[in-house]
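So this block is start09.txt, compact mmCIF, C-alpha atoms:
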# COMPACT_ATOMS: atom_id res chain seq x y z
CA MET A 1 103.61 83.51 118.93
CA ASN A 2 103.73 80.28 116.89
CA ARG A 3 100.04 79.69 117.67
CA VAL A 4 99.23 83.18 116.38
CA ARG A 5 101.17 82.54 113.16
CA HIS A 6 99.36 79.24 112.61
CA ARG A 7 96.01 80.96 113.08
CA LEU A 8 97.04 83.68 110.63
CA MET A 9 98.03 81.07 108.05
CA ALA A 10 94.71 79.23 108.51
CA LEU A 11 92.82 82.50 108.11
CA ALA A 12 94.75 83.29 104.92
CA VAL A 13 94.08 79.89 103.32
CA LEU A 14 90.37 79.81 104.24
CA PRO A 15 88.94 81.99 101.39
CA PHE A 16 90.83 80.03 98.74
CA LEU A 17 89.59 76.72 100.16
CA LEU A 18 86.04 78.08 100.16
CA ALA A 19 86.36 79.30 96.56
CA LEU A 20 87.82 75.95 95.50
CA ALA A 21 84.98 74.10 97.23
CA VAL A 22 82.42 76.22 95.34
CA ASP A 23 84.13 75.63 91.99
CA LEU A 24 84.49 71.87 92.53
CA THR A 25 80.88 71.56 93.72
CA LEU A 26 79.66 73.44 90.66
CA TYR A 27 81.79 71.22 88.41
CA ALA A 28 80.37 68.07 90.03
CA LEU A 29 76.80 69.31 89.51
CA LEU A 30 77.39 70.30 85.87
CA ARG A 31 79.83 67.59 84.81
CA ASP A 32 77.36 65.66 82.64
CA ARG A 33 76.36 68.87 80.82
CA LEU A 34 79.90 70.05 80.05
CA PRO A 35 81.63 69.32 76.72
CA ASP A 36 85.04 67.66 76.63
CA PRO A 37 87.12 69.62 75.83
CA LEU A 38 85.51 72.81 77.10
CA ALA A 39 86.27 76.44 76.30
CA SER A 40 88.84 77.79 78.76
CA HIS A 41 90.48 80.84 77.16
CA PHE A 42 88.63 83.89 75.89
CA ALA A 43 89.60 86.90 73.82
CA ALA A 44 88.77 90.48 74.76
CA ASN A 45 85.57 90.33 72.67
CA GLY A 46 84.36 87.34 74.71
CA SER A 47 84.89 84.67 72.05
CA SER A 48 86.61 81.40 72.87
CA ASP A 49 90.17 81.03 71.59
CA GLY A 50 91.34 77.98 73.54
CA THR A 51 90.10 74.72 75.01
CA GLN A 52 90.97 72.48 77.93
CA SER A 53 89.95 68.97 78.92
CA ARG A 54 87.58 68.56 81.84
CA GLY A 55 90.26 66.82 83.90
CA SER A 56 92.74 69.62 83.23
CA THR A 57 90.12 72.17 84.29
CA VAL A 58 89.78 70.53 87.70
CA LEU A 59 93.55 70.26 88.09
CA PHE A 60 94.04 73.91 87.10
CA ALA A 61 91.44 75.06 89.65
CA CYS A 62 93.09 73.05 92.44
CA VAL A 63 96.61 74.24 91.66
CA LEU A 64 95.55 77.87 91.28
CA HIS A 65 93.48 78.09 94.47
CA LEU A 66 95.87 76.08 96.63
CA GLY A 67 98.92 77.91 95.25
CA LEU A 68 97.37 81.30 96.00
CA GLY A 69 96.35 80.04 99.44
CA VAL A 70 99.92 79.02 100.28
CA LEU A 71 101.21 82.35 99.01
CA TRP A 72 98.79 84.31 101.19
CA ALA A 73 99.63 82.13 104.19
CA VAL A 74 103.30 83.09 103.77
CA LEU A 75 102.37 86.75 103.39
CA MET A 76 100.24 86.71 106.54
CA ALA A 77 102.76 84.82 108.68
CA ALA A 78 105.91 86.64 107.53
CA GLY A 79 107.39 89.27 109.81
CA GLU A 80 105.96 90.50 113.09
CA PRO A 81 102.13 90.29 113.09
CA ALA A 82 101.71 93.17 115.53
CA VAL A 83 103.23 95.74 113.16
CA ARG A 84 101.56 94.80 109.88
CA ARG A 85 98.25 95.82 108.39
CA LEU A 86 96.91 92.29 108.52
CA ARG A 87 93.28 93.26 108.08
CA TRP A 88 93.98 94.82 104.68
CA LEU A 89 96.15 91.89 103.62
CA ASN A 90 93.42 89.49 104.67
CA ALA A 91 90.88 91.55 102.71
CA ALA A 92 93.12 91.38 99.64
CA GLY A 93 93.26 87.58 99.95
CA TYR A 94 89.47 87.38 100.07
CA ALA A 95 89.25 89.67 97.04
CA VAL A 96 91.63 87.52 94.99
CA ALA A 97 89.83 84.31 96.02
CA GLY A 98 86.47 85.86 95.11
CA LEU A 99 87.64 87.09 91.70
CA VAL A 100 89.39 83.87 90.70
CA GLY A 101 86.59 81.68 92.05
CA TYR A 102 83.94 83.64 90.19
CA LEU A 103 85.79 83.61 86.85
CA LEU A 104 86.30 79.84 87.02
CA ALA A 105 82.65 79.35 87.93
CA ALA A 106 81.53 81.67 85.12
CA THR A 107 83.60 79.65 82.66
CA LEU A 108 81.89 76.42 83.72
CA LEU A 109 78.44 78.00 83.42
CA ALA A 110 79.28 79.39 79.96
CA ASN A 111 80.12 75.85 78.78
CA VAL A 112 76.88 74.24 79.95
CA ASP A 113 75.19 72.25 77.13
CA ALA A 114 77.66 73.58 74.55
CA THR A 115 78.05 71.37 71.48
CA ASP A 116 80.93 73.35 70.01
CA PRO A 117 83.38 74.83 72.58
CA THR A 118 84.75 77.25 69.97
CA ARG A 119 81.36 79.00 69.94
CA VAL A 120 81.20 79.51 73.71
CA ARG A 121 81.32 83.16 74.80
CA LEU A 122 82.27 84.83 78.05
CA PRO A 123 81.28 88.51 77.74
CA LEU A 124 83.50 91.18 79.21
CA TRP A 125 80.79 92.19 81.68
CA GLN A 126 81.54 88.93 83.51
CA LEU A 127 84.87 90.42 84.51
CA ALA A 128 83.04 93.45 85.94
CA VAL A 129 80.79 91.12 87.92
CA GLY A 130 83.90 89.29 89.13
CA VAL A 131 85.35 92.58 90.38
CA GLY A 132 82.09 93.21 92.25
CA VAL A 133 82.29 89.77 93.86
CA ALA A 134 85.89 90.51 94.79
CA ALA A 135 84.85 93.78 96.44
CA LEU A 136 82.18 92.04 98.50
CA ALA A 137 84.61 89.30 99.51
CA ALA A 138 87.19 91.94 100.47
CA ALA A 139 84.64 93.67 102.69
CA LEU A 140 83.95 90.37 104.43
CA GLY A 141 87.65 89.69 104.89
CA ARG A 142 88.18 93.18 106.27
CA LEU A 143 85.50 92.63 108.93
CA LEU A 144 86.86 89.31 110.17
CA PRO A 145 88.89 89.42 113.40
CA VAL A 146 92.60 88.91 112.84
CA PRO A 147 94.58 87.16 115.62
CA LEU A 148 97.37 89.31 117.05
CA PRO A 149 99.78 88.56 119.88
CA PRO A 150 98.88 90.22 123.20
CA PRO A 151 101.02 93.19 124.27
CA GLY A 152 104.34 92.14 125.71
CA SER A 153 104.21 88.66 124.16
CA ALA A 154 107.29 89.09 121.98
CA PRO A 155 109.47 86.02 122.29
CA SER A 156 112.64 86.25 124.32
CA SER A 157 115.93 85.26 122.87
CA GLY A 158 116.56 82.55 125.48
CA PRO A 159 119.49 81.95 127.78
CA SER A 160 121.99 81.72 124.92
CA SER A 161 121.38 85.39 124.07
CA GLU A 162 122.74 86.88 127.28
CA ARG A 163 124.97 89.70 126.11
CA ASP A 164 127.91 91.56 127.47
CA ALA A 165 129.69 94.53 125.95
CA ALA A 166 133.26 94.49 124.76
CA PRO A 167 135.56 97.42 125.55
CA ASP A 168 134.98 98.70 122.00
CA GLY A 169 131.23 98.78 122.67
CA ALA A 170 130.42 95.89 120.31
CA PRO A 171 127.86 93.47 121.82
CA ARG A 172 128.93 89.89 122.50
CA LEU A 173 127.25 86.69 123.64
CA ASP A 174 128.37 85.08 126.87
CA LEU A 175 129.45 81.70 125.50
CA ALA A 176 131.48 79.19 127.47
CA GLU A 177 134.84 78.10 126.13
CA GLY A 178 134.27 75.58 123.35
CA GLU A 179 130.49 76.14 123.32
CA VAL A 180 128.98 76.03 119.82
CA ALA A 181 126.20 78.40 118.79
CA GLY A 182 124.38 79.39 115.64
CA TRP A 183 121.62 81.80 114.65
CA MET A 184 119.19 81.78 111.73
CA ARG A 185 116.23 83.92 110.72
CA ARG A 186 114.08 84.43 107.68
CA ALA A 187 114.21 87.95 106.31
CA PRO A 188 110.93 88.41 104.39
CA SER A 189 110.56 91.32 101.99
CA ARG A 190 106.98 92.55 101.85
CA VAL A 191 107.80 94.47 98.67
CA LEU A 192 108.96 91.35 96.80
CA LEU A 193 106.17 89.24 98.29
CA GLY A 194 103.62 91.82 97.20
CA CYS A 195 105.09 92.12 93.70
CA GLY A 196 105.18 88.33 93.41
CA ALA A 197 101.55 88.08 94.50
CA VAL A 198 100.41 90.72 92.02
CA LEU A 199 102.36 89.11 89.17
CA LEU A 200 101.04 85.66 90.06
CA VAL A 201 97.45 86.86 90.02
CA ALA A 202 98.03 88.78 86.78
CA GLY A 203 99.73 85.78 85.20
CA SER A 204 96.90 83.47 86.27
CA VAL A 205 94.30 85.80 84.77
CA LEU A 206 96.32 86.10 81.54
CA LEU A 207 96.77 82.33 81.40
CA TYR A 208 93.06 81.88 81.89
CA ALA A 209 92.15 84.51 79.31
CA GLY A 210 94.83 84.21 76.67
CA GLY A 211 97.00 81.13 77.17
CA TRP A 212 100.67 80.58 77.97
CA SER A 213 101.98 82.99 75.36
CA HIS A 214 100.31 85.89 77.16
CA ALA A 215 101.07 84.75 80.72
CA VAL A 216 104.66 83.52 80.59
CA GLY A 217 106.24 86.93 81.32
CA ALA A 218 104.10 87.65 84.39
CA LEU A 219 104.46 84.10 85.73
CA PHE A 220 108.24 84.19 85.28
CA GLY A 221 108.39 87.50 87.14
CA ALA A 222 106.26 86.03 89.93
CA VAL A 223 108.59 83.04 90.31
CA VAL A 224 111.66 85.30 90.47
CA CYS A 225 110.10 87.67 93.03
CA LEU A 226 108.81 84.87 95.24
CA ALA A 227 112.06 82.86 95.05
CA PHE A 228 114.04 85.80 96.41
CA SER A 229 111.38 87.29 98.70
CA CYS A 230 112.20 85.46 101.91
CA PRO A 231 115.94 84.65 102.20
CA TYR A 232 117.58 82.95 105.15
CA VAL A 233 120.23 84.83 107.10
CA THR A 234 122.53 82.68 109.25
CA VAL A 235 125.42 83.35 111.61
CA ASP A 236 127.68 80.43 112.52
CA ARG A 237 131.32 79.31 112.41
CA ARG A 238 131.50 80.26 108.72
CA GLY A 239 130.42 83.85 109.36
CA LEU A 240 127.28 85.53 108.05
CA THR A 241 125.47 83.95 105.10
CA ALA A 242 122.38 85.16 103.23
CA ARG A 243 120.76 82.95 100.59
CA PRO A 244 117.35 82.48 98.95
CA THR A 245 114.82 80.32 100.76
CA VAL A 246 114.60 77.55 98.17
CA LEU A 247 117.85 77.96 96.24
CA PRO A 248 121.48 77.44 97.28
CA TRP A 249 122.64 80.26 95.00
CA PRO A 250 123.15 83.17 94.71
CA ARG A 251 124.36 83.71 98.24
CA ILE A 252 126.33 86.31 100.14
CA ARG A 253 128.90 85.28 102.73
CA ILE A 254 131.00 87.43 105.05
CA PRO A 255 133.61 85.13 106.67
CA LEU A 256 134.57 85.61 110.32
CA SER A 257 138.06 86.63 109.27
CA ASP A 258 136.52 89.64 107.47
CA VAL A 259 134.49 90.84 110.47
CA THR A 260 135.98 93.67 112.53
CA ARG A 261 132.82 94.63 114.40
CA ALA A 262 129.11 93.96 114.13
CA VAL A 263 126.26 96.00 115.59
CA SER A 264 122.51 96.27 115.13
CA ARG A 265 120.75 99.49 114.22
CA GLU A 266 117.66 100.82 112.49
CA ILE A 267 118.01 101.42 108.75
CA LYS A 268 115.75 103.44 106.48
CA VAL A 269 116.14 101.68 103.16
CA THR A 270 115.16 104.42 100.73
CA ALA A 271 116.98 107.20 102.59
CA GLU A 272 120.24 105.30 103.18
CA TYR A 273 120.41 102.85 100.28
CA GLY A 274 117.99 104.23 97.71
CA GLY A 275 115.77 101.17 97.38
CA TRP A 276 115.32 97.46 97.96
CA GLY A 277 117.44 94.50 96.96
CA TYR A 278 121.22 94.21 96.90
CA ARG A 279 122.46 97.81 97.07
CA MET A 280 125.90 99.38 96.76
CA ARG A 281 126.87 102.82 98.01
CA PRO A 282 130.26 104.48 98.55
CA GLY A 283 131.90 102.65 101.44
CA LYS A 284 129.05 100.24 102.03
CA SER A 285 126.77 97.62 100.54
CA GLY A 286 123.82 95.67 101.81
CA LEU A 287 120.91 93.33 101.28
CA MET A 288 117.97 95.66 101.86
CA LEU A 289 114.66 93.84 102.17
CA ARG A 290 112.75 96.34 104.29
CA SER A 291 113.32 99.25 106.64
CA GLY A 292 113.98 98.39 110.27
CA ASP A 293 116.41 96.40 112.38
CA ALA A 294 119.61 95.38 110.60
CA ILE A 295 122.96 93.71 111.19
CA VAL A 296 125.73 96.15 110.24
CA ILE A 297 129.21 94.66 109.84
CA ARG A 298 132.42 96.66 109.71
CA ARG A 299 134.77 94.67 107.45
CA THR A 300 138.54 94.54 107.59
CA ASP A 301 138.84 96.81 104.53
CA GLY A 302 136.82 99.51 106.30
CA ARG A 303 133.65 98.98 104.25
CA GLU A 304 130.29 98.18 105.79
CA PHE A 305 127.85 95.42 104.92
CA ALA A 306 124.28 95.42 106.26
CA VAL A 307 121.28 93.11 106.01
CA THR A 308 117.84 93.91 107.39
CA VAL A 309 116.49 91.10 109.56
CA ASP A 310 114.64 90.64 112.85
CA ASP A 311 116.61 89.95 116.05
CA ALA A 312 119.68 91.60 114.56
CA GLU A 313 121.05 92.39 118.02
CA THR A 314 121.48 88.71 118.87
CA ALA A 315 123.05 87.98 115.49
CA ALA A 316 125.53 90.86 115.82
CA ALA A 317 126.52 89.78 119.34
CA LEU A 318 127.10 86.19 118.23
CA LEU A 319 129.05 87.34 115.17
CA ASN A 320 131.36 89.44 117.37
CA THR A 321 131.96 86.49 119.71
CA LEU A 322 132.70 84.05 116.90
CA ALA A 323 134.95 86.56 115.11
CA ARG A 324 136.88 87.14 118.34
CA ARG A 325 137.39 83.39 118.70
CA GLU A 326 138.54 83.17 115.10
CA ARG A 327 141.15 85.86 115.67
CA ALA A 328 142.31 84.28 118.95
CA SER A 329 142.72 80.85 117.35
CA GLY A 330 144.58 82.29 114.35
Starting from the coordinates I provided, produce the structure as structure tokens.
Amino acid sequence: MNRVRHRLMALAVLPFLLALAVDLTLYALLRDRLPDPLASHFAANGSSDGTQSRGSTVLFACVLHLGLGVLWAVLMAAGEPAVRRLRWLNAAGYAVAGLVGYLLAATLLANVDATDPTRVRLPLWQLAVGVGVAALAAALGRLLPVPLPPPGSAPSSGPSSERDAAPDGAPRLDLAEGEVAGWMRRAPSRVLLGCGAVLLVAGSVLLYAGGWSHAVGALFGAVVCLAFSCPYVTVDRRGLTARPTVLPWPRIRIPLSDVTRAVSREIKVTAEYGGWGYRMRPGKSGLMLRSGDAIVIRRTDGREFAVTVDDAETAAALLNTLARRERASG
């Protein structure tokens, strides 16, 4: 499974590396014919309304292509590959790489032999051509074979996940007296990842076309979506904790002393909670990142808390075992 994920990540990064290579090669060939600074931002009528040094142009191209490549690698590798429409996601990555690569190349070509960067023009039809390039790149990406795990290759939970059932029906792990165990999984949200990707692309285009004042809103939204798109969910001696991938806060913690019973079950997010994110309903709350397997905790006050995450059955069994120990030691 790890090998499949690595191949998916390599496949996702490939179009952005190719686009970057094309842009850098074109820059190297044209460098002596480019002004410094060169026109980098254009208004809707095609006229230049901003400039950028040649060094900054190269840096911007590298950061943009590599950043988008990393984002698509996360999108491709997140979740279970066998149940996602990876071909369409791969096609979307090729489309974005084609569009961004073409627009950067068109900007370089528009600046060739320019004596006054403020008089450089990039007509609106160039954007239409960029969309056409994106469509062709998407078709190529859609045709490429996408690695998927063979049937029956889902990873096992290992010897520490042997379960028994308590008299109340709650699953438990068979841990020896004094044995320490913990569980951790990422819980990626395709909705937030997708929104973050769209906002990042939109912000990059706005930054390229109109400068920071036009792009700051979209880029800020992209950062927020991506920062909260793939939280970590852990179960250990402190209870259940959910926090963002790169930030220590905000986080949700359900201590062991507050756990009466934990189970895993399928949840339909829109039907049961009305949407994604942190949701509150009468008698229950939850961190809803997608529909599917979820840990559902019955708390001591009778309310329920749920979080959607893969391998929820193992997490619920471990949580029951650790909560039972906590009550026995208290």
Ranking A:Ala315, A:Pro282, A:Arg299, A:Gly275 by minimum distance to Val263 (chain A) and counting only C-alpha atoms, which one comes first? A:Ala315
Which of A:Gly46, A:Gly93, A:Val198, A:Pro145 sits closest to Leu127 (chain A) [using all atoms listed in the file]: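 So, comparing all the options, the nearest one is A:Gly46.
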Separation of CA of Arg121 (chain A) and CA of Ser53 (chain A), in Å?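 Atom-to-atom, CA of Arg121 (chain A) to CA of Ser53 (chain A), that is 17.1 Å.
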For a quick check of understanding, using all atoms listed in the file, which of A:Val100, A:Leu38, A:Ala44, A:Leu59 has the smallest distance to Asp113 (chain A)?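 Answer, going by the shortest atom-to-atom distance: A:Leu38.
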Check the smallest atom-to-atom distance from each of A:Val233, A:Leu175, A:Ala197, A:Ala95 to Gly67 (chain A) using only C-alpha atoms, then report the winner.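 Answer, going by the shortest atom-to-atom distance: A:Ala197.
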With a distance cut-off of 8 Å and all atoms listed in the file, select the neighbouring residues of region 17-24 of chain A, excluding the residue or stretch itself and same-chain residues fewer than 5 positions from it, and output the selection as a VMD selection string. chain A and resid 58 61 to 62 65 to 66 69 97 to 98 101 104 to 105
Dump as an mmCIF file, keeping the file's coordinate frame, selection limited to C-alpha atoms:
data_model
loop_
_atom_site.group_PDB
_atom_site.id
_atom_site.type_symbol
_atom_site.label_atom_id
_atom_site.label_comp_id
_atom_site.auth_asym_id
_atom_site.auth_seq_id
_atom_site.Cartn_x
_atom_site.Cartn_y
_atom_site.Cartn_z
ATOM 1 C CA VAL A 58 89.780 70.530 87.700
ATOM 2 C CA ALA A 61 91.440 75.060 89.650
ATOM 3 C CA CYS A 62 93.090 73.050 92.440
ATOM 4 C CA HIS A 65 93.480 78.090 94.470
ATOM 5 C CA LEU A 66 95.870 76.080 96.630
ATOM 6 C CA GLY A 69 96.350 80.040 99.440
ATOM 7 C CA ALA A 97 89.830 84.310 96.020
ATOM 8 C CA GLY A 98 86.470 85.860 95.110
ATOM 9 C CA GLY A 101 86.590 81.680 92.050
ATOM 10 C CA LEU A 104 86.300 79.840 87.020
ATOM 11 C CA ALA A 105 82.650 79.350 87.930
#
Taking (119.4, 87.7, 104.0) in the file's coordinates as the center, which residues reach within 9 Å of it, counting all atoms listed in the file, put as an MDAnalysis selection string? chainID A and resid 185:188 230:234 241:244 251:252 287:289 307:309
Using all atoms listed in the file: which of A:Ser229, A:Gln126, A:Asn90, A:Ser329 has the shortest distance to Asn45 (chain A):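 That would be A:Gln126, the residue with the smallest distance to Asn45 (chain A).
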Looking at all atoms listed in the file, which of A:Val131, A:Ala137, A:Ala39, A:Ala218 is the one that sits closest to Gly203 (chain A)?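 Result for the nearest residue to Gly203 (chain A): A:Ala218.
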Expressed in Å to a single decimal, how great is the separation between CA of Leu64 (chain A) and CA of Val201 (chain A)?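 According to the coordinates, CA of Leu64 (chain A) and CA of Val201 (chain A) are separated by 9.3 Å.
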Compile the contact shell of Leu122 (chain A) as a PyMOL selection string: residues with an atom at most 8 Å away, counting all atoms listed in the file, same-chain residues fewer than 4 positions apart removed. chain A and resi 42+46-48+106-107+110+126
Could you please take those selected residues and save C-alpha atoms as an mmCIF file, in the coordinates of the input?
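Wrote part_39.cif, looks like this:
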data_model
loop_
_atom_site.group_PDB
_atom_site.id
_atom_site.type_symbol
_atom_site.label_atom_id
_atom_site.label_comp_id
_atom_site.auth_asym_id
_atom_site.auth_seq_id
_atom_site.Cartn_x
_atom_site.Cartn_y
_atom_site.Cartn_z
ATOM 1 C CA PHE A 42 88.630 83.890 75.890
ATOM 2 C CA GLY A 46 84.360 87.340 74.710
ATOM 3 C CA SER A 47 84.890 84.670 72.050
ATOM 4 C CA SER A 48 86.610 81.400 72.870
ATOM 5 C CA ALA A 106 81.530 81.670 85.120
ATOM 6 C CA THR A 107 83.600 79.650 82.660
ATOM 7 C CA ALA A 110 79.280 79.390 79.960
ATOM 8 C CA GLN A 126 81.540 88.930 83.510
#
CA of Arg303 (chain A) to CA of Ser285 (chain A), distance in Å rounded to a single decimal: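 Atom-to-atom, CA of Arg303 (chain A) and CA of Ser285 (chain A) are spaced 7.9 Å apart.
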Surrounding residues of Tyr94 (chain A) excluding itself and chain neighbours under 6 positions, 7 Å, all atoms listed in the file, as a PyMOL selection string: chain A and resi 15+137-138+141
